[in-house]
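**Student:** final_6.cif is reproduced below (mmCIF, C-alpha atoms and all ligand atoms).
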data_data
loop_
_atom_site.label_atom_id
_atom_site.label_comp_id
_atom_site.auth_asym_id
_atom_site.auth_seq_id
_atom_site.Cartn_x
_atom_site.Cartn_y
_atom_site.Cartn_z
CA MET R 1 -26.36 10.63 -14.61
CA THR R 2 -26.69 6.85 -14.29
CA ASN R 3 -27.60 5.17 -10.98
CA ALA R 4 -24.05 3.91 -10.66
CA GLU R 5 -22.63 7.37 -11.25
CA SER R 6 -24.93 8.99 -8.71
CA TYR R 7 -24.06 6.23 -6.18
CA LEU R 8 -20.35 6.85 -6.73
CA LYS R 9 -20.86 10.60 -6.42
CA SER R 10 -22.70 10.25 -3.09
CA GLU R 11 -19.98 7.85 -1.86
CA GLN R 12 -17.29 10.39 -2.79
CA SER R 13 -19.12 13.28 -1.15
CA ASN R 14 -19.00 11.41 2.18
CA LYS R 15 -15.27 10.95 1.98
CA LEU R 16 -12.64 13.38 3.20
CA LYS R 17 -11.36 15.59 0.41
CA VAL R 18 -7.59 15.26 0.48
CA GLY R 19 -4.77 16.87 -1.51
CA PHE R 20 -1.01 16.31 -1.62
CA PHE R 21 1.03 19.25 -2.84
CA GLY R 22 4.68 20.22 -3.05
CA ILE R 23 6.56 23.49 -3.21
CA THR R 24 10.38 23.69 -3.16
CA GLY R 25 11.67 20.26 -2.12
CA CYS R 26 13.08 17.09 -3.62
CA ALA R 27 9.77 15.17 -3.82
CA GLY R 28 11.12 12.58 -1.37
CA CYS R 29 8.24 13.22 1.03
CA LEU R 30 5.64 12.69 -1.70
CA LEU R 31 7.47 9.53 -2.72
CA SER R 32 7.16 8.30 0.87
CA ILE R 33 3.39 8.29 0.31
CA ILE R 34 3.56 6.45 -3.01
CA PHE R 35 6.08 3.95 -1.68
CA ASN R 36 3.58 2.68 0.88
CA GLU R 37 3.00 -0.06 -1.70
CA ASP R 38 0.92 -2.35 0.46
CA GLU R 39 -1.49 0.19 1.81
CA ILE R 40 -1.64 3.11 -0.58
CA LEU R 41 -4.56 1.73 -2.64
CA ASP R 42 -6.69 1.14 0.45
CA LEU R 43 -5.88 4.61 1.68
CA ILE R 44 -6.72 6.24 -1.60
CA ASN R 45 -10.03 4.39 -1.65
CA ALA R 46 -10.76 5.64 1.84
CA VAL R 47 -10.50 9.32 0.86
CA ASP R 48 -11.52 11.49 -2.06
CA LEU R 49 -8.12 12.22 -3.61
CA LYS R 50 -8.80 15.64 -5.11
CA ALA R 51 -5.22 16.51 -5.91
CA PHE R 52 -1.84 14.87 -6.16
CA PRO R 53 -0.11 16.67 -9.05
CA PHE R 54 2.94 14.43 -8.66
CA VAL R 55 0.93 11.42 -9.91
CA LYS R 56 -2.42 12.73 -11.22
CA GLU R 57 -3.02 14.72 -14.38
CA VAL R 58 -6.30 16.35 -13.33
CA ASN R 59 -6.19 18.12 -9.99
CA SER R 60 -8.42 20.48 -8.07
CA ASP R 61 -7.00 23.28 -5.94
CA GLU R 62 -10.26 24.14 -4.23
CA SER R 63 -11.99 23.06 -1.03
CA PHE R 64 -10.07 20.40 0.84
CA ASP R 65 -10.58 18.83 4.25
CA TYR R 66 -6.89 17.95 4.54
CA VAL R 67 -3.89 19.11 2.55
CA PHE R 68 -0.43 17.61 2.95
CA MET R 69 2.24 20.10 1.91
CA GLU R 70 5.82 19.10 1.11
CA GLY R 71 8.64 21.62 0.77
CA LEU R 72 9.65 25.02 2.04
CA VAL R 73 9.06 28.55 0.82
CA ALA R 74 12.05 29.56 -1.29
CA ASN R 75 10.51 31.90 -3.86
CA LYS R 76 7.48 34.02 -4.55
CA GLU R 77 5.67 31.30 -6.46
CA ASP R 78 5.97 28.92 -3.45
CA LEU R 79 4.45 31.56 -1.23
CA GLU R 80 1.52 32.22 -3.56
CA THR R 81 0.82 28.49 -3.95
CA LEU R 82 1.01 27.92 -0.19
CA GLN R 83 -1.30 30.83 0.62
CA LYS R 84 -3.87 29.76 -1.95
CA ILE R 85 -3.89 26.14 -0.75
CA ARG R 86 -4.08 27.22 2.89
CA SER R 87 -7.13 29.36 2.20
CA ASN R 88 -8.85 26.34 0.57
CA ALA R 89 -8.02 23.75 3.25
CA LYS R 90 -9.66 23.05 6.61
CA PHE R 91 -6.48 21.37 7.90
CA LEU R 92 -2.96 21.87 6.63
CA ILE R 93 -0.37 19.19 7.37
CA SER R 94 3.29 20.11 7.18
CA LEU R 95 4.86 17.07 5.51
CA GLY R 96 8.56 16.45 6.00
CA ALA R 97 11.54 18.39 7.25
CA CYS R 98 11.61 21.04 4.52
CA ALA R 99 8.04 22.06 5.33
CA CYS R 100 8.46 21.66 9.13
CA THR R 101 11.89 23.18 9.78
CA GLY R 102 13.32 24.41 6.47
CA CYS R 103 15.71 21.43 6.50
CA ILE R 104 18.98 21.58 4.55
CA PRO R 105 17.80 24.22 2.02
CA ALA R 106 17.36 26.70 4.89
CA TYR R 107 20.98 26.17 5.94
CA ARG R 108 21.65 28.73 3.22
CA GLN R 109 20.74 31.33 5.86
CA TYR R 110 23.85 30.39 7.83
CA THR R 111 26.45 30.49 5.15
CA LEU R 112 27.90 33.10 2.80
CA LYS R 113 26.48 33.40 -0.71
CA GLU R 114 29.96 32.79 -2.14
CA ASN R 115 29.81 29.27 -0.67
CA TYR R 116 26.84 28.21 -2.82
CA GLU R 117 26.62 30.76 -5.62
CA HIS R 118 28.48 28.51 -8.05
CA LEU R 119 25.79 25.83 -7.56
CA LEU R 120 22.93 28.08 -8.62
CA TYR R 121 21.23 27.41 -11.87
CA LYS R 122 21.31 30.65 -13.89
CA LYS R 123 17.53 30.81 -14.23
CA THR R 124 17.12 31.22 -10.47
CA GLU R 125 17.78 34.91 -11.02
CA ASN R 126 14.27 35.10 -12.51
CA LEU R 127 12.53 33.14 -9.77
CA GLU R 128 12.07 35.99 -7.28
CA ASP R 129 14.05 34.23 -4.63
CA LEU R 130 12.92 34.57 -0.99
CA LYS R 131 14.68 33.69 2.26
CA PRO R 132 14.21 29.90 2.61
CA THR R 133 11.71 29.29 5.42
CA PRO R 134 9.40 26.54 6.72
CA ILE R 135 5.74 26.89 5.85
CA ASP R 136 4.64 27.86 9.36
CA ALA R 137 6.63 31.08 8.96
CA HIS R 138 3.89 32.10 6.49
CA VAL R 139 0.63 30.29 7.23
CA ARG R 140 -1.08 28.41 10.07
CA VAL R 141 -0.14 24.73 10.26
CA ASP R 142 -2.48 22.28 11.99
CA TYR R 143 -0.26 19.22 12.23
CA TYR R 144 3.37 18.26 11.59
CA ILE R 145 4.68 15.01 10.12
CA PRO R 146 8.43 15.68 10.33
CA GLY R 147 11.50 13.91 8.98
CA CYS R 148 13.69 13.83 5.90
CA PRO R 149 11.97 11.90 4.51
CA PRO R 150 9.01 11.38 6.86
CA SER R 151 8.25 7.89 8.09
CA LYS R 152 5.96 5.96 5.71
CA ARG R 153 4.33 4.31 8.73
CA GLU R 154 3.56 7.68 10.31
CA ILE R 155 1.90 8.91 7.10
CA VAL R 156 -0.24 5.77 6.85
CA ASN R 157 -1.24 5.99 10.51
CA PHE R 158 -2.14 9.64 10.09
CA ILE R 159 -4.41 9.00 7.08
CA LYS R 160 -6.04 6.04 8.83
CA ALA R 161 -6.70 8.20 11.89
CA ILE R 162 -8.33 11.07 10.01
CA THR R 163 -10.63 8.69 8.15
CA VAL R 164 -12.10 7.72 11.52
CA GLY R 165 -12.27 11.32 12.72
CA LYS R 166 -9.17 11.45 14.91
CA LEU R 167 -5.86 13.28 14.88
CA PRO R 168 -2.96 11.16 16.19
CA LEU R 169 -0.97 12.54 19.09
CA PRO R 170 2.44 13.88 18.07
CA ASN R 171 5.43 11.89 19.33
CA ASP R 172 6.98 13.90 22.16
CA ASN R 173 9.62 11.34 23.15
CA PRO R 174 13.20 11.79 21.97
CA VAL R 175 14.74 9.38 19.46
CA CYS R 176 16.68 7.81 22.36
CA VAL R 177 13.51 6.10 23.61
CA GLU R 178 13.07 4.10 20.40
CA CYS R 179 16.83 3.62 20.14
CA ARG R 180 16.99 1.98 23.58
CA LYS R 181 14.00 -0.23 22.72
CA ASN R 182 15.91 -1.31 19.61
CA ASN R 183 18.88 -2.31 21.81
CA ASN R 184 21.35 -0.18 19.89
CA GLN R 185 24.70 0.65 21.38
CA CYS R 186 24.64 4.33 22.33
CA LEU R 187 26.76 6.22 19.82
CA LEU R 188 27.44 9.05 22.28
CA ASP R 189 29.11 6.48 24.51
CA ILE R 190 31.60 5.74 21.75
CA GLY R 191 32.25 9.41 21.03
CA LYS R 192 29.90 10.01 18.08
CA PRO R 193 27.87 13.25 17.92
CA CYS R 194 24.34 11.82 18.09
CA LEU R 195 21.49 14.36 18.46
CA GLY R 196 18.94 11.72 19.53
CA PRO R 197 18.46 13.15 23.05
CA ILE R 198 17.02 16.44 21.74
CA THR R 199 15.25 15.12 18.62
CA SER R 200 11.58 14.10 18.37
CA GLY R 201 11.13 10.36 17.90
CA GLY R 202 8.78 8.53 15.57
CA CYS R 203 11.34 7.26 13.04
CA ASP R 204 12.08 4.09 15.03
CA SER R 205 15.68 5.37 15.38
CA VAL R 206 16.28 4.29 11.80
CA CYS R 207 19.67 5.99 11.42
CA ILE R 208 21.15 4.54 14.61
CA ASN R 209 19.79 1.09 13.72
CA GLY R 210 21.93 1.40 10.59
CA GLY R 211 25.02 2.63 12.48
CA PHE R 212 24.65 6.35 11.74
CA GLU R 213 24.19 9.05 14.32
CA CYS R 214 20.97 11.09 14.50
CA TRP R 215 21.34 14.47 12.80
CA GLY R 216 18.04 15.77 14.16
CA CYS R 217 15.92 15.72 11.00
CA ARG R 218 12.64 15.36 12.90
CA GLY R 219 13.19 18.58 14.80
CA PRO R 220 13.74 19.37 18.47
CA THR R 221 11.57 17.91 21.22
CA LYS R 222 9.35 20.42 23.01
CA ASP R 223 11.23 20.10 26.29
CA MET R 224 14.75 19.49 25.00
CA ASN R 225 17.67 20.30 27.27
CA LEU R 226 19.82 22.05 24.70
CA LYS R 227 22.40 23.19 27.22
CA LEU R 228 22.98 19.66 28.49
CA MET R 229 23.22 18.30 24.93
CA ILE R 230 25.84 20.92 24.09
CA ASN R 231 27.79 20.16 27.25
CA VAL R 232 27.73 16.42 26.49
CA LEU R 233 29.02 17.05 22.96
CA LYS R 234 31.72 19.36 24.30
CA SER R 235 32.74 16.76 26.86
CA LYS R 236 33.21 14.35 23.93
CA GLY R 237 35.62 16.83 22.36
CA PHE R 238 33.43 18.57 19.77
CA ASP R 239 33.99 22.28 19.42
CA GLU R 240 31.41 25.04 19.09
CA LYS R 241 31.69 25.37 15.32
CA PHE R 242 31.09 21.67 14.84
CA ILE R 243 28.13 21.63 17.25
CA GLN R 244 26.59 24.71 15.67
CA ASP R 245 26.93 23.37 12.12
CA ARG R 246 25.57 19.96 13.04
CA MET R 247 22.55 21.34 14.90
CA ARG R 248 21.77 23.84 12.16
CA THR R 249 21.90 21.34 9.32
CA PHE R 250 18.26 20.29 9.59
CA VAL R 251 16.70 22.59 12.16
CA GLY R 252 18.70 25.84 12.37
CA LEU R 253 15.59 28.02 12.10
CA LYS R 254 13.94 26.13 14.98
CA LEU R 255 16.94 26.78 17.26
CA PRO R 256 17.16 30.58 17.32
CA MET R 257 18.60 30.36 20.84
CA LEU R 258 21.51 28.14 19.78
CA GLU R 259 24.19 30.81 19.64
CA SER R 260 23.36 32.24 23.08
CA VAL R 261 23.17 28.79 24.71
CA LEU R 262 26.50 27.87 23.13
CA HIS R 263 27.94 31.11 24.47
CA ASP R 264 26.54 30.37 27.97
CA THR R 265 28.16 26.96 28.10
CA GLY R 266 31.62 28.38 27.27
CA ASN R 267 34.07 26.54 25.07
CA ASN R 268 35.73 23.97 27.30
CA ALA R 269 36.17 21.30 24.62
CA GLU R 270 39.57 20.13 23.53
CA SER R 271 39.60 20.96 19.84
CA HIS R 272 38.13 17.98 18.00
CA ASN R 273 36.33 19.66 15.09
CA GLN R 274 35.41 16.93 12.64
CA ASN R 275 34.93 19.32 9.70
S1 LIG K 301 12.18 16.85 3.76
FE1 LIG K 301 13.82 15.68 2.78
S2 LIG K 301 12.73 14.19 1.50
FE2 LIG K 301 11.25 15.83 2.00
S3 LIG K 301 11.40 17.34 0.34
FE3 LIG K 301 12.83 17.99 1.94
S4 LIG K 301 14.81 17.14 1.35
FE4 LIG K 301 13.23 16.01 0.21
S1 LIG K 302 22.70 6.41 20.01
FE1 LIG K 302 21.81 8.43 19.94
S2 LIG K 302 19.61 8.07 19.91
FE2 LIG K 302 20.57 6.18 20.59
S3 LIG K 302 20.53 6.33 22.83
FE3 LIG K 302 22.50 7.11 22.12
S4 LIG K 302 22.21 9.31 21.96
FE4 LIG K 302 20.18 8.38 22.02
S1 LIG K 303 17.39 9.03 13.67
FE1 LIG K 303 17.44 11.27 13.68
S2 LIG K 303 18.23 11.86 11.65
FE2 LIG K 303 17.57 9.69 11.55
S3 LIG K 303 15.47 9.73 10.79
FE3 LIG K 303 15.38 9.72 13.03
S4 LIG K 303 15.29 11.88 13.60
FE4 LIG K 303 16.01 11.81 11.49
#
Take the structure in this file and express it as structure tokens.

**Tutor:**
Amino acid sequence: MTNAESYLKSEQSNKLKVGFFGITGCAGCLLSIIFNEDEILDLINAVDLKAFPFVKEVNSDESFDYVFMEGLVANKEDLETLQKIRSNAKFLISLGACACTGCIPAYRQYTLKENYEHLLYKKTENLEDLKPTPIDAHVRVDYYIPGCPPSKREIVNFIKAITVGKLPLPNDNPVCVECRKNNNQCLLDIGKPCLGPITSGGCDSVCINGGFECWGCRGPTKDMNLKLMINVLKSKGFDEKFIQDRMRTFVGLKLPMLESVLHDTGNNAESHNQN
């Protein structure tokens, strides 16, 4: 080994060993990392990038300090990959809504097979399909970076923080806090079904800034007032089916109490189902 090679090796051994993996998902979360054009090279230099199969040909699957995992468990292969990676990682980061909440693919649990069967690719019969579930239904997760897709800024800040030995604090404020700072008109006030009050912030209220209501992709806040949110939506004329479908779209599996809270609030809305 030359002097230069041994220098580089010792430099690498001092760096955090990091891997980026994906199971069932659309790769949008992994793209959020690559699309940090301005900072991605600095970040990659700051860590020892042991694996990123999406962009690297040679990848290790052994001994990581941090692994970022995109996607949810939808088949047996996902589960085996996840379990293997978990056993080789000191910290596992759940990256994006599919990994954190199950996201839209998990909505399959709330609809009849006949509603989506025609969309299935024939080969899925051989994939040993499992109930679609977020990764923390199967393994321990140390940190969550939510969102569909997750915020590029949040990913960069997270990697910067771990390179100096810190874990950033999760954002516990609802989307409304950022939305008010951005001086947006409140969409609830004009009768739109915005889930900002019960959804964890950190996305800079990007949807509302663009005129769209929040659908809750970053998951519920720890201390959400679900009952009040339901009552507000009902007072705006949305019926139970609409509210249930909307809240389940991204985070149904993280709201197991939804049906009973809906039942508790009673259906006092004038019918205004937007479906
Ligand atoms: S969270 Fe969204 S962007 Fe990420 S894999 Fe799932 S669907 Fe794609
Ligand atoms: S538009 Fe939505 S996120 Fe913004 S303040 Fe109103 S309810 Fe909250
Ligand atoms: S505003 Fe809501 S739906 Fe949009 S990115 Fe933020 S949390 Fe997700």

**Student:** Could you list, as a PyMOL selection string, all the residues within 6 Å of ligand LIG 303 (chain K), counting only C-alpha atoms and all ligand atoms?

**Tutor:** chain R and resi 147+199+203+205-208+214-218

**Student:** Once you count only C-alpha atoms and all ligand atoms, what closest atom pair and distance in Å to one decimal does each residue of chain R within 6 Å of ligand LIG 302 (chain K) have, with rows by chain and rising residue number, as JSON lines?

**Tutor:**
{"residue": "R:Val175", "atom": "CA", "partner": "K:LIG302", "partner_atom": "S2", "distance": 5.1}
{"residue": "R:Cys176", "atom": "CA", "partner": "K:LIG302", "partner_atom": "FE4", "distance": 3.6}
{"residue": "R:Cys179", "atom": "CA", "partner": "K:LIG302", "partner_atom": "FE2", "distance": 4.6}
{"residue": "R:Arg180", "atom": "CA", "partner": "K:LIG302", "partner_atom": "S3", "distance": 5.7}
{"residue": "R:Cys186", "atom": "CA", "partner": "K:LIG302", "partner_atom": "FE3", "distance": 3.5}
{"residue": "R:Leu187", "atom": "CA", "partner": "K:LIG302", "partner_atom": "S1", "distance": 4.1}
{"residue": "R:Leu188", "atom": "CA", "partner": "K:LIG302", "partner_atom": "S4", "distance": 5.2}
{"residue": "R:Cys194", "atom": "CA", "partner": "K:LIG302", "partner_atom": "FE1", "distance": 4.6}
{"residue": "R:Gly196", "atom": "CA", "partner": "K:LIG302", "partner_atom": "S2", "distance": 3.7}
{"residue": "R:Pro197", "atom": "CA", "partner": "K:LIG302", "partner_atom": "FE4", "distance": 5.2}
{"residue": "R:Ile208", "atom": "CA", "partner": "K:LIG302", "partner_atom": "S1", "distance": 5.9}

**Student:** With distances taken over only C-alpha atoms and all ligand atoms, which of R:Thr81, R:Thr249, R:Asn231, R:Asn209 is nearest to ligand LIG 301 (chain K)?

**Tutor:**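 Closest to ligand LIG 301 (chain K), using only C-alpha atoms and all ligand atoms: R:Thr249.
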
**Student:** Grab me every residue within 8 Å of ligand LIG 301 (chain K), counting all atoms listed in the file, and send it over as an MDAnalysis selection string.

**Tutor:** chainID R and resid 24:30 70:72 95:99 102:105 146:150

**Student:** For C-alpha atoms, I'd like the residues from the last selection saved as a PDB file, keeping the file's coordinate frame.

**Tutor:**
ATOM      1  CA  THR R  24      10.380  23.690  -3.160  1.00  0.00           C
ATOM      2  CA  GLY R  25      11.670  20.260  -2.120  1.00  0.00           C
ATOM      3  CA  CYS R  26      13.080  17.090  -3.620  1.00  0.00           C
ATOM      4  CA  ALA R  27       9.770  15.170  -3.820  1.00  0.00           C
ATOM      5  CA  GLY R  28      11.120  12.580  -1.370  1.00  0.00           C
ATOM      6  CA  CYS R  29       8.240  13.220   1.030  1.00  0.00           C
ATOM      7  CA  LEU R  30       5.640  12.690  -1.700  1.00  0.00           C
ATOM      8  CA  GLU R  70       5.820  19.100   1.110  1.00  0.00           C
ATOM      9  CA  GLY R  71       8.640  21.620   0.770  1.00  0.00           C
ATOM     10  CA  LEU R  72       9.650  25.020   2.040  1.00  0.00           C
ATOM     11  CA  LEU R  95       4.860  17.070   5.510  1.00  0.00           C
ATOM     12  CA  GLY R  96       8.560  16.450   6.000  1.00  0.00           C
ATOM     13  CA  ALA R  97      11.540  18.390   7.250  1.00  0.00           C
ATOM     14  CA  CYS R  98      11.610  21.040   4.520  1.00  0.00           C
ATOM     15  CA  ALA R  99       8.040  22.060   5.330  1.00  0.00           C
ATOM     16  CA  GLY R 102      13.320  24.410   6.470  1.00  0.00           C
ATOM     17  CA  CYS R 103      15.710  21.430   6.500  1.00  0.00           C
ATOM     18  CA  ILE R 104      18.980  21.580   4.550  1.00  0.00           C
ATOM     19  CA  PRO R 105      17.800  24.220   2.020  1.00  0.00           C
ATOM     20  CA  PRO R 146       8.430  15.680  10.330  1.00  0.00           C
ATOM     21  CA  GLY R 147      11.500  13.910   8.980  1.00  0.00           C
ATOM     22  CA  CYS R 148      13.690  13.830   5.900  1.00  0.00           C
ATOM     23  CA  PRO R 149      11.970  11.900   4.510  1.00  0.00           C
ATOM     24  CA  PRO R 150       9.010  11.380   6.860  1.00  0.00           C
TER      25      PRO R 150
END

**Student:** I'd like to know which of R:Leu16, R:Ile23, R:Leu112, R:Met247 is closest to Lys50 of chain R, using all atoms listed in the file.

**Tutor:** R:Leu16

**Student:** Counting all atoms listed in the file, what is within 8 Å of Asp61 of chain R, bar same-chain residues fewer than 5 positions away, as a ChimeraX atom specification?

**Tutor:** /R:50-51,85,88

**Student:** If we count only C-alpha atoms and set the cut-off at 12 Å, which residues sit around His263 of chain R, ignoring sequence neighbours fewer than 5 positions away in its own chain? Please answer as number ranges by chain.

**Tutor:** R: 227, 230-231, 239-241, 243-244, 257-258, 268

**Student:** Counting only C-alpha atoms, what are the residues of segment 28-92 of chain R within 12 Å of segment 155-162 of chain R, and for each of them which pair of atoms is the nearest and at what distance in Å, to one decimal? Sort the table by chain and rising number, as CSV.

**Tutor:**
residue,atom,partner,partner_atom,distance
R:Cys29,CA,R:Ile155,CA,9.8
R:Leu30,CA,R:Ile155,CA,10.3
R:Leu31,CA,R:Ile155,CA,11.3
R:Ser32,CA,R:Ile155,CA,8.2
R:Ile33,CA,R:Ile155,CA,7.0
R:Ile34,CA,R:Ile155,CA,10.5
R:Phe35,CA,R:Val156,CA,10.8
R:Asn36,CA,R:Val156,CA,7.7
R:Glu37,CA,R:Val156,CA,10.8
R:Asp38,CA,R:Val156,CA,10.4
R:Glu39,CA,R:Val156,CA,7.6
R:Ile40,CA,R:Val156,CA,8.0
R:Leu41,CA,R:Val156,CA,11.2
R:Asp42,CA,R:Lys160,CA,9.7
R:Leu43,CA,R:Ile159,CA,7.1
R:Ile44,CA,R:Ile159,CA,9.4
R:Asn45,CA,R:Lys160,CA,11.3
R:Ala46,CA,R:Lys160,CA,8.4
R:Val47,CA,R:Ile159,CA,8.7
R:Asp48,CA,R:Ile159,CA,11.8
R:Leu49,CA,R:Ile159,CA,11.8
R:Asp65,CA,R:Ile162,CA,9.9
R:Tyr66,CA,R:Ile162,CA,8.9
R:Val67,CA,R:Ile159,CA,11.1
R:Phe68,CA,R:Ile155,CA,9.9
R:Phe91,CA,R:Ile162,CA,10.7

**Student:** Could you tell me how far atom CA of Asp189 of chain R lies from atom CA of Gly237 of chain R, in Å and to one decimal?

**Tutor:**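 Separating atom CA of Asp189 of chain R from atom CA of Gly237 of chain R is a distance of 12.4 Å.
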
**Student:** Restricting the calculation to only C-alpha atoms: of R:Leu130, R:Leu262, R:Met224, R:Ile93, which residue gets closest to Phe242 of chain R?

**Tutor:**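 Ranking R:Leu130, R:Leu262, R:Met224, R:Ile93 by distance to Phe242 of chain R, first place goes to R:Leu262.
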
**Student:** Near Pro256 of chain R, counting only C-alpha atoms, which residues have an atom at most 12 Å away, once you skip same-chain residues fewer than 2 positions from it, shown as a list in words?

**Tutor:** Thr101, Tyr110, Pro220, Leu226, Gln244, Met247, Arg248, Val251, Gly252, Leu253, Lys254, Leu258, Glu259, Ser260, Val261 and Leu262 of chain R

**Student:** Just the selected residues (C-alpha atoms), exported as a PDB file, keeping the file's coordinate frame, please.

**Tutor:**
ATOM      1  CA  THR R 101      11.890  23.180   9.780  1.00  0.00           C
ATOM      2  CA  TYR R 110      23.850  30.390   7.830  1.00  0.00           C
ATOM      3  CA  PRO R 220      13.740  19.370  18.470  1.00  0.00           C
ATOM      4  CA  LEU R 226      19.820  22.050  24.700  1.00  0.00           C
ATOM      5  CA  GLN R 244      26.590  24.710  15.670  1.00  0.00           C
ATOM      6  CA  MET R 247      22.550  21.340  14.900  1.00  0.00           C
ATOM      7  CA  ARG R 248      21.770  23.840  12.160  1.00  0.00           C
ATOM      8  CA  VAL R 251      16.700  22.590  12.160  1.00  0.00           C
ATOM      9  CA  GLY R 252      18.700  25.840  12.370  1.00  0.00           C
ATOM     10  CA  LEU R 253      15.590  28.020  12.100  1.00  0.00           C
ATOM     11  CA  LYS R 254      13.940  26.130  14.980  1.00  0.00           C
ATOM     12  CA  LEU R 258      21.510  28.140  19.780  1.00  0.00           C
ATOM     13  CA  GLU R 259      24.190  30.810  19.640  1.00  0.00           C
ATOM     14  CA  SER R 260      23.360  32.240  23.080  1.00  0.00           C
ATOM     15  CA  VAL R 261      23.170  28.790  24.710  1.00  0.00           C
ATOM     16  CA  LEU R 262      26.500  27.870  23.130  1.00  0.00           C
TER      17      LEU R 262
END

**Student:** Report, in Å to a single decimal, how far apart atom CA of Phe20 of chain R and atom CA of Ala89 of chain R are.

**Tutor:**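 Straight-line distance from atom CA of Ala89 of chain R to atom CA of Phe20 of chain R works out to 11.3 Å.
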
**Student:** Kindly write C-alpha atoms of segment 202-258 of chain R from the structure just given to a file, as a PDB file, in the first residue's frame.

**Tutor:**
ATOM      1  CA  GLY R 202     -40.549  20.698   8.809  1.00  0.00           C
ATOM      2  CA  CYS R 203     -41.574  21.016   5.153  1.00  0.00           C
ATOM      3  CA  ASP R 204     -41.887  24.818   5.326  1.00  0.00           C
ATOM      4  CA  SER R 205     -45.609  24.367   4.507  1.00  0.00           C
ATOM      5  CA  VAL R 206     -44.610  23.760   0.908  1.00  0.00           C
ATOM      6  CA  CYS R 207     -48.037  22.581  -0.279  1.00  0.00           C
ATOM      7  CA  ILE R 208     -49.948  25.520   1.189  1.00  0.00           C
ATOM      8  CA  ASN R 209     -47.347  27.948  -0.192  1.00  0.00           C
ATOM      9  CA  GLY R 210     -48.316  26.552  -3.599  1.00  0.00           C
ATOM     10  CA  GLY R 211     -52.071  26.775  -2.942  1.00  0.00           C
ATOM     11  CA  PHE R 212     -52.685  23.120  -2.054  1.00  0.00           C
ATOM     12  CA  GLU R 213     -53.986  21.863   1.245  1.00  0.00           C
ATOM     13  CA  CYS R 214     -51.835  19.703   3.527  1.00  0.00           C
ATOM     14  CA  TRP R 215     -52.679  16.010   3.183  1.00  0.00           C
ATOM     15  CA  GLY R 216     -50.609  15.027   6.215  1.00  0.00           C
ATOM     16  CA  CYS R 217     -47.662  13.315   4.508  1.00  0.00           C
ATOM     17  CA  ARG R 218     -45.260  14.033   7.386  1.00  0.00           C
ATOM     18  CA  GLY R 219     -47.402  12.155   9.871  1.00  0.00           C
ATOM     19  CA  PRO R 220     -49.360  13.222  12.938  1.00  0.00           C
ATOM     20  CA  THR R 221     -47.875  15.455  15.625  1.00  0.00           C
ATOM     21  CA  LYS R 222     -47.290  13.757  18.977  1.00  0.00           C
ATOM     22  CA  ASP R 223     -49.946  15.810  20.745  1.00  0.00           C
ATOM     23  CA  MET R 224     -52.454  16.259  17.929  1.00  0.00           C
ATOM     24  CA  ASN R 225     -56.057  17.007  18.816  1.00  0.00           C
ATOM     25  CA  LEU R 226     -57.675  14.600  16.395  1.00  0.00           C
ATOM     26  CA  LYS R 227     -61.165  15.121  17.749  1.00  0.00           C
ATOM     27  CA  LEU R 228     -60.978  18.884  17.281  1.00  0.00           C
ATOM     28  CA  MET R 229     -59.578  18.478  13.750  1.00  0.00           C
ATOM     29  CA  ILE R 230     -62.462  16.169  12.855  1.00  0.00           C
ATOM     30  CA  ASN R 231     -64.993  18.564  14.333  1.00  0.00           C
ATOM     31  CA  VAL R 232     -63.508  21.487  12.393  1.00  0.00           C
ATOM     32  CA  LEU R 233     -63.681  19.498   9.143  1.00  0.00           C
ATOM     33  CA  LYS R 234     -67.261  18.474   9.896  1.00  0.00           C
ATOM     34  CA  SER R 235     -68.184  22.075  10.628  1.00  0.00           C
ATOM     35  CA  LYS R 236     -66.868  22.918   7.145  1.00  0.00           C
ATOM     36  CA  GLY R 237     -69.279  20.361   5.694  1.00  0.00           C
ATOM     37  CA  PHE R 238     -67.024  17.338   5.131  1.00  0.00           C
ATOM     38  CA  ASP R 239     -68.594  13.999   5.938  1.00  0.00           C
ATOM     39  CA  GLU R 240     -67.066  11.058   7.780  1.00  0.00           C
ATOM     40  CA  LYS R 241     -66.169   9.086   4.670  1.00  0.00           C
ATOM     41  CA  PHE R 242     -64.298  12.019   3.206  1.00  0.00           C
ATOM     42  CA  ILE R 243     -62.456  12.740   6.466  1.00  0.00           C
ATOM     43  CA  GLN R 244     -61.542   9.093   6.950  1.00  0.00           C
ATOM     44  CA  ASP R 245     -60.247   8.687   3.388  1.00  0.00           C
ATOM     45  CA  ARG R 246     -58.258  11.909   3.507  1.00  0.00           C
ATOM     46  CA  MET R 247     -56.628  11.118   6.862  1.00  0.00           C
ATOM     47  CA  ARG R 248     -55.824   7.565   5.843  1.00  0.00           C
ATOM     48  CA  THR R 249     -54.201   8.464   2.543  1.00  0.00           C
ATOM     49  CA  PHE R 250     -50.721   8.997   3.980  1.00  0.00           C
ATOM     50  CA  VAL R 251     -50.926   7.928   7.603  1.00  0.00           C
ATOM     51  CA  GLY R 252     -53.796   5.464   8.074  1.00  0.00           C
ATOM     52  CA  LEU R 253     -51.640   2.983   9.994  1.00  0.00           C
ATOM     53  CA  LYS R 254     -50.525   5.727  12.408  1.00  0.00           C
ATOM     54  CA  LEU R 255     -54.154   6.625  13.211  1.00  0.00           C
ATOM     55  CA  PRO R 256     -55.578   3.351  14.529  1.00  0.00           C
ATOM     56  CA  MET R 257     -57.951   5.367  16.726  1.00  0.00           C
ATOM     57  CA  LEU R 258     -59.487   7.240  13.787  1.00  0.00           C
TER      58      LEU R 258
END
